[in-house]
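data_15.cif follows; it contains mmCIF, C-alpha atoms.
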```
data_coords
#
loop_
_atom_site.label_atom_id
_atom_site.label_comp_id
_atom_site.auth_asym_id
_atom_site.auth_seq_id
_atom_site.Cartn_x
_atom_site.Cartn_y
_atom_site.Cartn_z
CA MET L 21 22.78 30.10 25.04
CA GLU L 22 22.47 26.60 23.64
CA ASN L 23 24.78 25.24 26.34
CA TYR L 24 22.41 26.10 29.17
CA ARG L 25 19.65 23.88 27.85
CA THR L 26 19.18 20.75 29.88
CA PRO L 27 18.63 17.49 28.01
CA LEU L 28 15.02 17.53 29.27
CA ARG L 29 14.44 21.01 27.86
CA ARG L 30 15.72 19.82 24.52
CA ALA L 31 13.56 16.71 24.59
CA ARG L 32 10.33 18.56 25.43
CA GLY L 33 8.76 19.62 22.20
CA HIS L 34 11.99 19.23 20.29
CA GLY L 35 12.97 15.65 20.85
CA SER L 36 13.70 13.39 17.94
CA ALA L 37 13.78 9.69 18.65
CA LYS L 38 16.56 9.51 16.01
CA HIS L 39 14.99 6.59 14.20
CA GLY L 40 12.14 8.14 12.21
CA VAL L 41 14.27 8.39 9.10
CA GLY L 42 14.59 4.60 9.00
CA HIS L 43 10.79 4.21 8.70
CA TRP L 44 10.71 6.88 6.04
CA ILE L 45 13.45 5.22 3.97
CA ALA L 46 11.88 1.76 4.40
CA GLU L 47 8.58 3.06 2.99
CA ARG L 48 10.42 4.45 -0.08
CA VAL L 49 12.56 1.34 -0.64
CA THR L 50 9.50 -0.92 -0.50
CA SER L 51 7.64 1.42 -2.87
CA VAL L 52 10.43 1.18 -5.46
CA ALA L 53 10.44 -2.63 -5.18
CA LEU L 54 6.65 -2.73 -5.56
CA VAL L 55 6.65 -0.94 -8.94
CA PRO L 56 7.85 -3.96 -10.96
CA LEU L 57 6.23 -6.45 -8.56
CA VAL L 58 2.69 -5.10 -8.90
CA LEU L 59 3.00 -4.68 -12.68
CA TRP L 60 3.94 -8.38 -12.82
CA ALA L 61 1.10 -9.19 -10.38
CA VAL L 62 -1.54 -7.53 -12.59
CA PHE L 63 -0.76 -9.97 -15.38
CA GLY L 64 -0.56 -12.77 -12.83
CA VAL L 65 -4.13 -11.99 -11.76
CA ILE L 66 -5.32 -12.02 -15.39
CA THR L 67 -3.63 -15.40 -15.91
CA LEU L 68 -5.11 -16.82 -12.70
CA ALA L 69 -8.61 -15.50 -13.38
CA ALA L 70 -8.72 -17.47 -16.63
CA THR L 71 -7.77 -20.78 -15.05
CA ASP L 72 -9.00 -23.14 -12.30
CA TYR L 73 -7.50 -24.59 -9.13
CA TYR L 74 -5.15 -26.98 -10.95
CA GLY L 75 -4.00 -24.23 -13.28
CA ALA L 76 -3.32 -22.00 -10.28
CA VAL L 77 -1.32 -24.75 -8.53
CA ALA L 78 0.72 -25.31 -11.70
CA TRP L 79 1.28 -21.55 -12.01
CA ILE L 80 2.43 -21.05 -8.42
CA SER L 81 4.63 -24.17 -8.63
CA GLN L 82 6.90 -22.47 -11.14
CA PRO L 83 9.91 -21.15 -9.18
CA LEU L 84 9.79 -17.64 -10.66
CA ASN L 85 6.08 -17.22 -9.92
CA ALA L 86 6.45 -18.61 -6.40
CA VAL L 87 9.38 -16.37 -5.53
CA LEU L 88 7.80 -13.25 -7.03
CA MET L 89 4.52 -13.97 -5.20
CA VAL L 90 6.38 -14.35 -1.89
CA LEU L 91 8.29 -11.11 -2.55
CA LEU L 92 5.12 -9.30 -3.63
CA THR L 93 3.32 -10.42 -0.48
CA ALA L 94 6.17 -9.67 1.93
CA VAL L 95 7.02 -6.26 0.45
CA SER L 96 3.34 -5.29 0.14
CA PHE L 97 2.62 -6.09 3.76
CA LEU L 98 5.73 -4.20 4.92
CA HIS L 99 4.74 -1.20 2.79
CA MET L 100 1.10 -1.16 3.84
CA HIS L 101 2.09 -1.48 7.48
CA ALA L 102 4.33 1.58 7.10
CA GLY L 103 1.64 3.52 5.20
CA MET L 104 -1.19 2.75 7.60
CA ARG L 105 1.10 3.56 10.52
CA VAL L 106 1.67 7.05 9.13
CA ILE L 107 -2.07 7.54 8.60
CA VAL L 108 -2.84 6.53 12.20
CA GLU L 109 -0.06 8.73 13.57
CA ASP L 110 -1.31 11.70 11.52
CA TYR L 111 -4.98 11.56 12.45
CA ILE L 112 -5.32 9.77 15.80
CA HIS L 113 -3.96 11.77 18.70
CA THR L 114 -5.42 9.97 21.72
CA THR L 115 -2.66 7.80 23.17
CA LEU L 116 -4.89 4.80 23.89
CA SER L 117 -6.69 4.64 20.52
CA LYS L 118 -3.46 5.43 18.68
CA SER L 119 -1.60 2.62 20.44
CA ALA L 120 -4.48 0.21 19.91
CA LEU L 121 -4.69 1.00 16.18
CA LEU L 122 -0.92 0.80 15.70
CA LEU L 123 -0.87 -2.59 17.42
CA LEU L 124 -3.86 -3.78 15.37
CA ASN L 125 -2.12 -2.62 12.18
CA LEU L 126 1.08 -4.45 13.13
CA PHE L 127 -0.69 -7.65 14.15
CA VAL L 128 -2.99 -7.76 11.10
CA CYS L 129 -0.05 -7.21 8.73
CA ALA L 130 2.21 -9.71 10.49
CA LEU L 131 -0.49 -12.40 10.74
CA MET L 132 -2.01 -12.06 7.27
CA GLY L 133 1.38 -11.57 5.59
CA SER L 134 2.80 -14.66 7.28
CA LEU L 135 -0.29 -16.74 6.47
CA ALA L 136 -0.11 -15.68 2.83
CA VAL L 137 3.62 -16.41 2.47
CA PHE L 138 3.29 -19.79 4.20
CA SER L 139 0.29 -20.72 2.01
CA ILE L 140 2.14 -19.81 -1.19
CA LEU L 141 5.18 -21.84 -0.15
CA LYS L 142 3.04 -24.79 0.93
CA VAL L 143 1.34 -25.02 -2.47
CA ALA L 144 4.50 -24.20 -4.44
CA LEU L 145 6.45 -26.90 -2.62
CA GLY L 146 3.77 -29.47 -3.40
CA GLY L 147 2.07 -29.79 -0.03
CA ALA L 148 -1.43 -28.88 -1.27
CA MET W 13 17.49 33.77 27.72
CA THR W 14 14.10 34.21 26.15
CA GLU W 15 13.67 30.46 26.00
CA THR W 16 12.95 30.15 29.72
CA THR W 17 9.57 31.85 29.20
CA GLN W 18 8.64 29.60 26.27
CA GLY W 19 6.45 26.59 26.73
CA PRO W 20 7.02 23.49 24.60
CA ARG W 21 6.89 24.53 20.96
CA GLU W 22 3.82 23.43 18.98
CA ARG W 23 4.64 20.32 16.98
CA PRO W 24 4.01 20.52 13.23
CA LEU W 25 0.83 18.76 12.10
CA SER W 26 0.02 17.18 8.77
CA PRO W 27 -2.36 19.18 6.57
CA HIS W 28 -5.89 18.03 7.31
CA LEU W 29 -8.80 17.51 4.94
CA MET W 30 -10.45 20.72 6.09
CA GLY W 31 -9.46 24.26 5.31
CA TRP W 32 -8.07 23.80 1.83
CA ARG W 33 -9.36 25.25 -1.40
CA PRO W 34 -9.88 22.28 -3.75
CA HIS W 35 -7.05 21.99 -6.26
CA ALA W 36 -5.38 19.20 -8.24
CA THR W 37 -2.46 18.38 -5.93
CA MET W 38 -4.74 18.48 -2.87
CA VAL W 39 -7.25 16.06 -4.40
CA GLY W 40 -4.33 13.96 -5.65
CA SER W 41 -2.78 13.77 -2.20
CA ILE W 42 -6.05 12.80 -0.51
CA LEU W 43 -6.69 10.16 -3.17
CA HIS W 44 -3.20 8.75 -2.58
CA ARG W 45 -4.15 7.99 1.01
CA ILE W 46 -7.63 6.73 0.13
CA THR W 47 -6.31 4.41 -2.59
CA GLY W 48 -3.52 3.27 -0.27
CA SER W 49 -6.12 2.33 2.33
CA ALA W 50 -8.17 0.53 -0.34
CA LEU W 51 -5.08 -1.44 -1.37
CA TYR W 52 -4.69 -2.47 2.28
CA GLY W 53 -7.95 -4.33 1.72
CA GLY W 54 -6.62 -5.55 -1.62
CA ALA W 55 -3.59 -7.12 0.07
CA LEU W 56 -5.93 -8.88 2.51
CA ILE W 57 -7.80 -10.26 -0.53
CA LEU W 58 -4.44 -11.45 -1.89
CA ALA W 59 -3.79 -13.21 1.42
CA GLY W 60 -7.29 -14.72 1.22
CA TRP W 61 -6.49 -16.01 -2.27
CA ALA W 62 -3.29 -17.70 -1.04
CA LEU W 63 -5.10 -19.21 1.95
CA SER W 64 -7.91 -20.57 -0.20
CA LEU W 65 -5.40 -22.04 -2.65
CA ALA W 66 -3.65 -23.83 0.21
CA ALA W 67 -7.03 -25.02 1.53
CA GLY W 68 -7.78 -27.05 -1.61
CA PRO W 69 -9.93 -27.11 -4.76
CA ASP W 70 -13.34 -26.46 -3.13
CA ALA W 71 -12.22 -23.49 -1.05
CA TYR W 72 -10.32 -22.07 -4.03
CA GLN W 73 -13.32 -22.38 -6.34
CA ALA W 74 -15.59 -20.73 -3.77
CA PHE W 75 -13.12 -17.87 -3.34
CA MET W 76 -12.73 -17.34 -7.09
CA GLU W 77 -16.51 -17.41 -7.57
CA LEU W 78 -16.79 -14.71 -4.93
CA LEU W 79 -14.22 -12.59 -6.80
CA GLY W 80 -15.97 -13.30 -10.09
CA SER W 81 -19.41 -12.25 -8.83
CA PRO W 82 -20.71 -8.81 -9.87
CA LEU W 83 -19.79 -7.34 -6.49
CA GLY W 84 -16.40 -9.08 -6.62
CA LYS W 85 -15.75 -7.67 -10.08
CA LEU W 86 -16.71 -4.19 -8.87
CA VAL W 87 -14.26 -4.50 -5.98
CA MET W 88 -11.52 -5.78 -8.31
CA PHE W 89 -12.18 -2.91 -10.73
CA GLY W 90 -11.89 -0.40 -7.90
CA LEU W 91 -8.70 -2.08 -6.72
CA THR W 92 -7.22 -1.94 -10.25
CA LEU W 93 -8.00 1.77 -10.38
CA SER W 94 -6.55 2.27 -6.89
CA LEU W 95 -3.44 0.26 -7.74
CA PHE W 96 -2.57 2.22 -10.88
CA TYR W 97 -3.34 5.55 -9.25
CA HIS W 98 -1.30 4.76 -6.13
CA LEU W 99 1.52 3.47 -8.36
CA ALA W 100 1.66 6.61 -10.50
CA LYS W 101 1.24 8.98 -7.57
CA GLY W 102 3.86 7.01 -5.64
CA VAL W 103 6.36 7.58 -8.45
CA GLN W 104 5.51 11.30 -8.38
CA HIS W 105 6.15 11.23 -4.63
CA LEU W 106 9.57 9.66 -5.21
CA PHE W 107 10.40 12.61 -7.50
CA TRP W 108 9.10 14.98 -4.83
CA ASP W 109 11.20 13.22 -2.20
CA SER W 110 14.27 13.95 -4.30
CA GLY W 111 13.24 17.61 -4.41
CA LYS W 112 12.16 17.62 -8.05
CA GLY W 113 8.82 18.55 -9.68
CA PHE W 114 7.57 21.05 -7.11
CA GLN W 115 6.97 23.87 -9.61
CA LEU W 116 3.23 24.51 -9.48
CA ALA W 117 2.57 23.94 -13.18
CA ILE W 118 4.59 20.71 -13.24
CA ALA W 119 3.09 19.42 -9.98
CA ASN W 120 -0.45 20.06 -11.25
CA MET W 121 0.25 18.54 -14.64
CA ALA W 122 1.92 15.45 -13.16
CA THR W 123 -1.02 14.96 -10.77
CA ILE W 124 -3.53 15.13 -13.62
CA ALA W 125 -1.29 12.73 -15.56
CA CYS W 126 -1.61 10.31 -12.59
CA PHE W 127 -5.42 10.47 -12.85
CA ALA W 128 -5.26 9.90 -16.61
CA PHE W 129 -2.77 7.04 -16.30
CA ALA W 130 -4.88 5.30 -13.65
CA VAL W 131 -8.00 5.40 -15.84
CA ALA W 132 -6.18 4.45 -19.06
CA ALA W 133 -4.19 1.58 -17.48
CA THR W 134 -7.27 0.23 -15.70
CA LEU W 135 -9.33 0.19 -18.91
CA ALA W 136 -6.41 -1.39 -20.81
CA VAL W 137 -5.95 -4.15 -18.24
CA TRP W 138 -9.68 -4.91 -18.10
CA ALA W 139 -9.79 -4.96 -21.91
CA ILE W 140 -6.91 -7.44 -21.94
CA ALA W 141 -8.63 -9.50 -19.24
CA TRP W 142 -11.83 -9.53 -21.29
CA MET W 143 -9.98 -10.50 -24.49
CA THR W 144 -8.08 -13.34 -22.80
CA GLY W 145 -11.26 -14.72 -21.27
CA ALA W 146 -10.33 -13.88 -17.68
CA LEU W 147 -13.67 -12.19 -16.98
#
```
Can you present the structure in this file as C-alpha coordinates?
Amino acid sequence: MENYRTPLRRARGHGSAKHGVGHWIAERVTSVALVPLVLWAVFGVITLAATDYYGAVAWISQPLNAVLMVLLTAVSFLHMHAGMRVIVEDYIHTTLSKSALLLLNLFVCALMGSLAVFSILKVALGGA
Amino acid sequence: MTETTQGPRERPLSPHLMGWRPHATMVGSILHRITGSALYGGALILAGWALSLAAGPDAYQAFMELLGSPLGKLVMFGLTLSLFYHLAKGVQHLFWDSGKGFQLAIANMATIACFAFAVAATLAVWAIAWMTGAL
(Lines of atoms letter the chains of each structure in order from A and count residues from 1; the text may use other names and numbers.)
(Lines give C-alpha, C1' and ligand atoms only; values in the text may rest on other atoms or scores of the structure.)
Protein backbone atom coordinates (compact mmCIF):
# COMPACT_ATOMS: atom_id res chain seq x y z
CA MET A 1 0.00 0.00 0.00
CA GLU A 2 2.92 2.27 -0.76
CA ASN A 3 0.66 4.66 -2.67
CA TYR A 4 -1.40 5.58 0.39
CA ARG A 5 1.57 6.98 2.26
CA THR A 6 1.52 10.74 2.47
CA PRO A 7 4.79 12.59 1.90
CA LEU A 8 4.80 13.47 5.62
CA ARG A 9 4.47 9.82 6.61
CA ARG A 10 7.43 9.00 4.41
CA ALA A 11 9.49 11.85 5.82
CA ARG A 12 8.86 10.94 9.48
CA GLY A 13 11.49 8.49 10.50
CA HIS A 14 12.31 7.59 6.93
CA GLY A 15 13.27 10.85 5.35
CA SER A 16 16.54 11.22 3.55
CA ALA A 17 17.70 14.73 2.83
CA LYS A 18 19.14 13.31 -0.42
CA HIS A 19 22.50 14.97 0.05
CA GLY A 20 24.25 12.83 2.67
CA VAL A 21 26.07 10.85 0.02
CA GLY A 22 27.87 14.01 -1.12
CA HIS A 23 29.43 14.46 2.35
CA TRP A 24 30.38 10.81 2.43
CA ILE A 25 32.08 10.94 -0.98
CA ALA A 26 33.84 14.23 -0.13
CA GLU A 27 35.36 12.63 2.98
CA ARG A 28 36.69 9.73 0.87
CA VAL A 29 38.00 11.93 -1.96
CA THR A 30 39.88 14.15 0.50
CA SER A 31 41.27 11.07 2.26
CA VAL A 32 42.70 9.72 -1.00
CA ALA A 33 44.29 13.11 -1.77
CA LEU A 34 45.76 13.28 1.74
CA VAL A 35 47.70 10.00 1.39
CA PRO A 36 50.47 11.43 -0.84
CA LEU A 37 50.15 14.92 0.69
CA VAL A 38 50.83 13.86 4.28
CA LEU A 39 53.67 11.52 3.26
CA TRP A 40 55.27 14.52 1.54
CA ALA A 41 54.48 16.69 4.60
CA VAL A 42 56.29 14.32 6.99
CA PHE A 43 59.54 14.90 5.13
CA GLY A 44 58.71 18.59 4.88
CA VAL A 45 58.50 18.75 8.69
CA ILE A 46 61.87 16.97 9.03
CA THR A 47 63.42 19.46 6.59
CA LEU A 48 61.88 22.44 8.38
CA ALA A 49 62.84 21.23 11.86
CA ALA A 50 66.51 21.22 10.84
CA THR A 51 66.50 24.80 9.57
CA ASP A 52 65.72 28.32 10.82
CA TYR A 53 63.34 31.09 9.77
CA TYR A 54 65.30 32.01 6.63
CA GLY A 55 65.58 28.37 5.61
CA ALA A 56 61.83 27.98 6.09
CA VAL A 57 61.10 31.08 3.98
CA ALA A 58 63.40 29.76 1.23
CA TRP A 59 61.69 26.36 1.43
CA ILE A 60 58.14 27.71 1.22
CA SER A 61 59.16 30.10 -1.59
CA GLN A 62 59.75 27.18 -3.93
CA PRO A 63 56.61 26.86 -6.09
CA LEU A 64 56.19 23.11 -5.55
CA ASN A 65 56.47 23.40 -1.76
CA ALA A 66 54.12 26.39 -1.65
CA VAL A 67 51.46 24.72 -3.78
CA LEU A 68 51.68 21.39 -1.93
CA MET A 69 51.47 23.20 1.43
CA VAL A 70 48.37 25.09 0.30
CA LEU A 71 46.80 21.86 -0.97
CA LEU A 72 47.77 19.99 2.21
CA THR A 73 46.22 22.71 4.36
CA ALA A 74 43.03 23.11 2.33
CA VAL A 75 42.37 19.38 1.93
CA SER A 76 43.25 18.66 5.58
CA PHE A 77 40.85 21.27 6.87
CA LEU A 78 38.07 20.04 4.57
CA HIS A 79 38.69 16.44 5.68
CA MET A 80 38.87 17.22 9.39
CA HIS A 81 35.72 19.31 9.16
CA ALA A 82 33.92 16.34 7.60
CA GLY A 83 35.35 13.90 10.17
CA MET A 84 34.57 16.02 13.22
CA ARG A 85 31.09 16.67 11.84
CA VAL A 86 30.40 12.93 11.75
CA ILE A 87 31.72 12.51 15.30
CA VAL A 88 29.45 15.30 16.60
CA GLU A 89 26.44 13.93 14.71
CA ASP A 90 27.09 10.43 16.09
CA TYR A 91 27.46 11.30 19.76
CA ILE A 92 25.65 14.58 20.42
CA HIS A 93 21.89 14.29 20.19
CA THR A 94 20.69 17.50 21.85
CA THR A 95 19.71 19.89 19.07
CA LEU A 96 21.21 22.98 20.71
CA SER A 97 24.60 21.51 21.66
CA LYS A 98 24.80 19.65 18.35
CA SER A 99 24.13 22.82 16.36
CA ALA A 100 26.58 24.80 18.47
CA LEU A 101 29.35 22.21 18.03
CA LEU A 102 28.72 21.85 14.30
CA LEU A 103 28.91 25.64 13.90
CA LEU A 104 32.05 25.80 16.04
CA ASN A 105 33.62 23.03 13.95
CA LEU A 106 32.77 24.85 10.72
CA PHE A 107 33.98 28.23 11.94
CA VAL A 108 37.23 26.92 13.44
CA CYS A 109 38.06 25.00 10.24
CA ALA A 110 37.14 27.87 7.94
CA LEU A 111 39.01 30.49 9.99
CA MET A 112 42.17 28.51 10.76
CA GLY A 113 42.33 26.98 7.28
CA SER A 114 41.99 30.38 5.62
CA LEU A 115 44.56 31.96 7.96
CA ALA A 116 47.02 29.16 7.21
CA VAL A 117 46.56 29.32 3.43
CA PHE A 118 46.84 33.12 3.40
CA SER A 119 49.98 33.00 5.58
CA ILE A 120 51.65 30.42 3.33
CA LEU A 121 50.86 32.47 0.22
CA LYS A 122 52.01 35.70 1.86
CA VAL A 123 55.43 34.26 2.70
CA ALA A 124 55.74 32.31 -0.56
CA LEU A 125 54.95 35.41 -2.61
CA GLY A 126 57.61 37.39 -0.77
CA GLY A 127 55.49 39.53 1.51
CA ALA A 128 57.11 38.37 4.76
CA MET B 1 -2.41 -1.35 6.40
CA THR B 2 -0.32 -2.29 9.39
CA GLU B 3 1.72 0.86 8.96
CA THR B 4 -0.99 3.11 10.39
CA THR B 5 -0.38 1.64 13.85
CA GLN B 6 3.39 2.10 13.63
CA GLY B 7 5.10 5.07 15.17
CA PRO B 8 8.17 6.56 13.51
CA ARG B 9 10.72 3.80 13.07
CA GLU B 10 13.79 3.93 15.33
CA ARG B 11 16.69 5.49 13.44
CA PRO B 12 19.88 3.42 13.28
CA LEU B 13 22.60 4.56 15.69
CA SER B 14 26.35 4.24 15.41
CA PRO B 15 27.91 1.57 17.62
CA HIS B 16 28.89 3.20 20.90
CA LEU B 17 31.96 2.62 23.05
CA MET B 18 29.96 0.60 25.56
CA GLY B 19 28.61 -2.89 25.21
CA TRP B 20 31.31 -4.41 23.03
CA ARG B 21 33.66 -7.22 23.87
CA PRO B 22 37.19 -5.88 23.22
CA HIS B 23 38.56 -7.14 19.92
CA ALA B 24 41.04 -5.91 17.31
CA THR B 25 38.67 -4.22 14.85
CA MET B 26 36.76 -2.55 17.70
CA VAL B 27 39.92 -1.10 19.25
CA GLY B 28 41.10 -0.18 15.74
CA SER B 29 37.88 1.66 14.98
CA ILE B 30 37.91 3.60 18.24
CA LEU B 31 41.56 4.52 17.71
CA HIS B 32 40.72 5.77 14.22
CA ARG B 33 38.39 8.35 15.74
CA ILE B 34 40.75 9.22 18.59
CA THR B 35 43.72 9.69 16.25
CA GLY B 36 41.52 11.66 13.85
CA SER B 37 40.59 14.00 16.69
CA ALA B 38 44.26 14.30 17.68
CA LEU B 39 45.15 15.21 14.09
CA TYR B 40 42.51 17.96 14.29
CA GLY B 41 44.81 19.49 16.88
CA GLY B 42 47.77 18.70 14.62
CA ALA B 43 46.23 20.69 11.77
CA LEU B 44 45.75 23.63 14.14
CA ILE B 45 49.47 23.37 14.98
CA LEU B 46 50.17 23.43 11.23
CA ALA B 47 48.08 26.60 10.95
CA GLY B 48 50.00 28.04 13.92
CA TRP B 49 53.27 27.26 12.13
CA ALA B 50 52.12 29.10 8.98
CA LEU B 51 50.90 32.08 11.02
CA SER B 52 54.16 32.32 12.95
CA LEU B 53 56.15 32.12 9.71
CA ALA B 54 54.12 35.00 8.28
CA ALA B 55 54.59 36.95 11.54
CA GLY B 56 58.39 37.10 11.14
CA PRO B 57 61.66 35.68 12.49
CA ASP B 58 61.00 36.23 16.23
CA ALA B 59 57.53 34.69 16.25
CA TYR B 60 58.76 31.80 14.10
CA GLN B 61 61.70 31.08 16.39
CA ALA B 62 59.46 31.17 19.46
CA PHE B 63 57.00 28.78 17.81
CA MET B 64 59.74 26.36 16.74
CA GLU B 65 61.28 26.45 20.23
CA LEU B 66 57.89 25.53 21.64
CA LEU B 67 57.66 22.57 19.24
CA GLY B 68 61.24 21.60 20.05
CA SER B 69 60.71 21.61 23.83
CA PRO B 70 60.31 18.23 25.57
CA LEU B 71 56.54 18.67 25.73
CA GLY B 72 56.48 19.83 22.11
CA LYS B 73 58.47 16.79 21.04
CA LEU B 74 56.10 14.52 22.96
CA VAL B 75 53.13 16.11 21.18
CA MET B 76 54.86 15.79 17.80
CA PHE B 77 55.68 12.14 18.51
CA GLY B 78 52.06 11.44 19.39
CA LEU B 79 50.94 13.25 16.25
CA THR B 80 53.36 11.20 14.11
CA LEU B 81 51.92 8.02 15.61
CA SER B 82 48.37 9.31 15.09
CA LEU B 83 49.12 10.34 11.51
CA PHE B 84 50.52 6.99 10.43
CA TYR B 85 47.81 5.04 12.22
CA HIS B 86 45.00 7.18 10.79
CA LEU B 87 46.63 6.92 7.35
CA ALA B 88 46.86 3.12 7.42
CA LYS B 89 43.43 2.66 8.96
CA GLY B 90 42.00 5.14 6.46
CA VAL B 91 43.32 3.02 3.59
CA GLN B 92 41.73 -0.05 5.21
CA HIS B 93 38.47 1.90 5.40
CA LEU B 94 38.69 2.69 1.68
CA PHE B 95 38.94 -1.07 1.02
CA TRP B 96 35.97 -1.61 3.35
CA ASP B 97 34.02 1.10 1.53
CA SER B 98 34.50 -0.83 -1.69
CA GLY B 99 33.15 -3.93 0.05
CA LYS B 100 36.47 -5.75 0.30
CA GLY B 101 38.36 -7.14 3.32
CA PHE B 102 35.41 -7.85 5.61
CA GLN B 103 36.30 -11.51 6.25
CA LEU B 104 36.99 -11.71 9.97
CA ALA B 105 40.52 -13.09 9.68
CA ILE B 106 41.52 -10.52 7.05
CA ALA B 107 39.88 -7.62 8.91
CA ASN B 108 41.67 -8.57 12.14
CA MET B 109 45.00 -9.08 10.42
CA ALA B 110 44.76 -5.80 8.49
CA THR B 111 43.88 -3.93 11.70
CA ILE B 112 46.89 -5.37 13.51
CA ALA B 113 48.99 -4.49 10.44
CA CYS B 114 47.79 -0.87 10.87
CA PHE B 115 49.05 -0.86 14.48
CA ALA B 116 52.38 -2.34 13.39
CA PHE B 117 52.75 0.08 10.48
CA ALA B 118 52.02 3.09 12.69
CA VAL B 119 54.70 2.10 15.21
CA ALA B 120 57.29 1.11 12.58
CA ALA B 121 56.76 4.22 10.41
CA THR B 122 56.85 6.52 13.44
CA LEU B 123 60.12 5.04 14.70
CA ALA B 124 61.60 5.19 11.17
CA VAL B 125 60.65 8.84 10.70
CA TRP B 126 62.00 9.83 14.12
CA ALA B 127 65.21 7.90 13.39
CA ILE B 128 65.57 9.79 10.11
CA ALA B 129 64.83 13.08 11.89
CA TRP B 130 67.48 12.27 14.48
CA MET B 131 70.05 11.30 11.82
CA THR B 132 69.44 14.45 9.77
CA GLY B 133 69.78 16.66 12.84
CA ALA B 134 66.14 17.74 12.91
CA LEU B 135 65.74 16.91 16.61
Residues of chain W no more than 8 Å from chain L, counting all atoms listed in the file: send them over as a PyMOL selection string. chain W and resi 13+20-23+25-26+45+48-49+52+55-56+58-60+62-63+65-69+72-73+76+99+102+106+137+141+144-147
In Å, with one decimal, what is the gap from atom CA of L:Leu122 to atom CA of L:Val106? 9.4 Å
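The environment of W:Gly40 within 7 Å, counting all atoms listed in the file and disregarding residues fewer than 4 places along the same chain, consists of Ala36, His44 and Thr123 of chain W.
You will find atom CA of W:Ala133 at 12.1 Å from atom CA of W:His98.
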Separation of atom CA of W:Gln115 and atom CA of W:Pro24, in Å?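 Between atom CA of W:Gln115 and atom CA of W:Pro24 the gap works out to 23.3 Å.
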Contacts of L:Arg105 within 9 Å, all atoms listed in the file, excl. fewer than 6 positions in-chain, as a list in words: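 What passes the distance filter is Leu121, Leu122, Asn125 and Leu126 of chain L.
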Leaving out W:Met88 and any residue of its chain fewer than 4 positions from it, which residues lie within 8 Å of it when counting all atoms listed in the file, given as a PyMOL selection string? chain W and resi 79+84+92
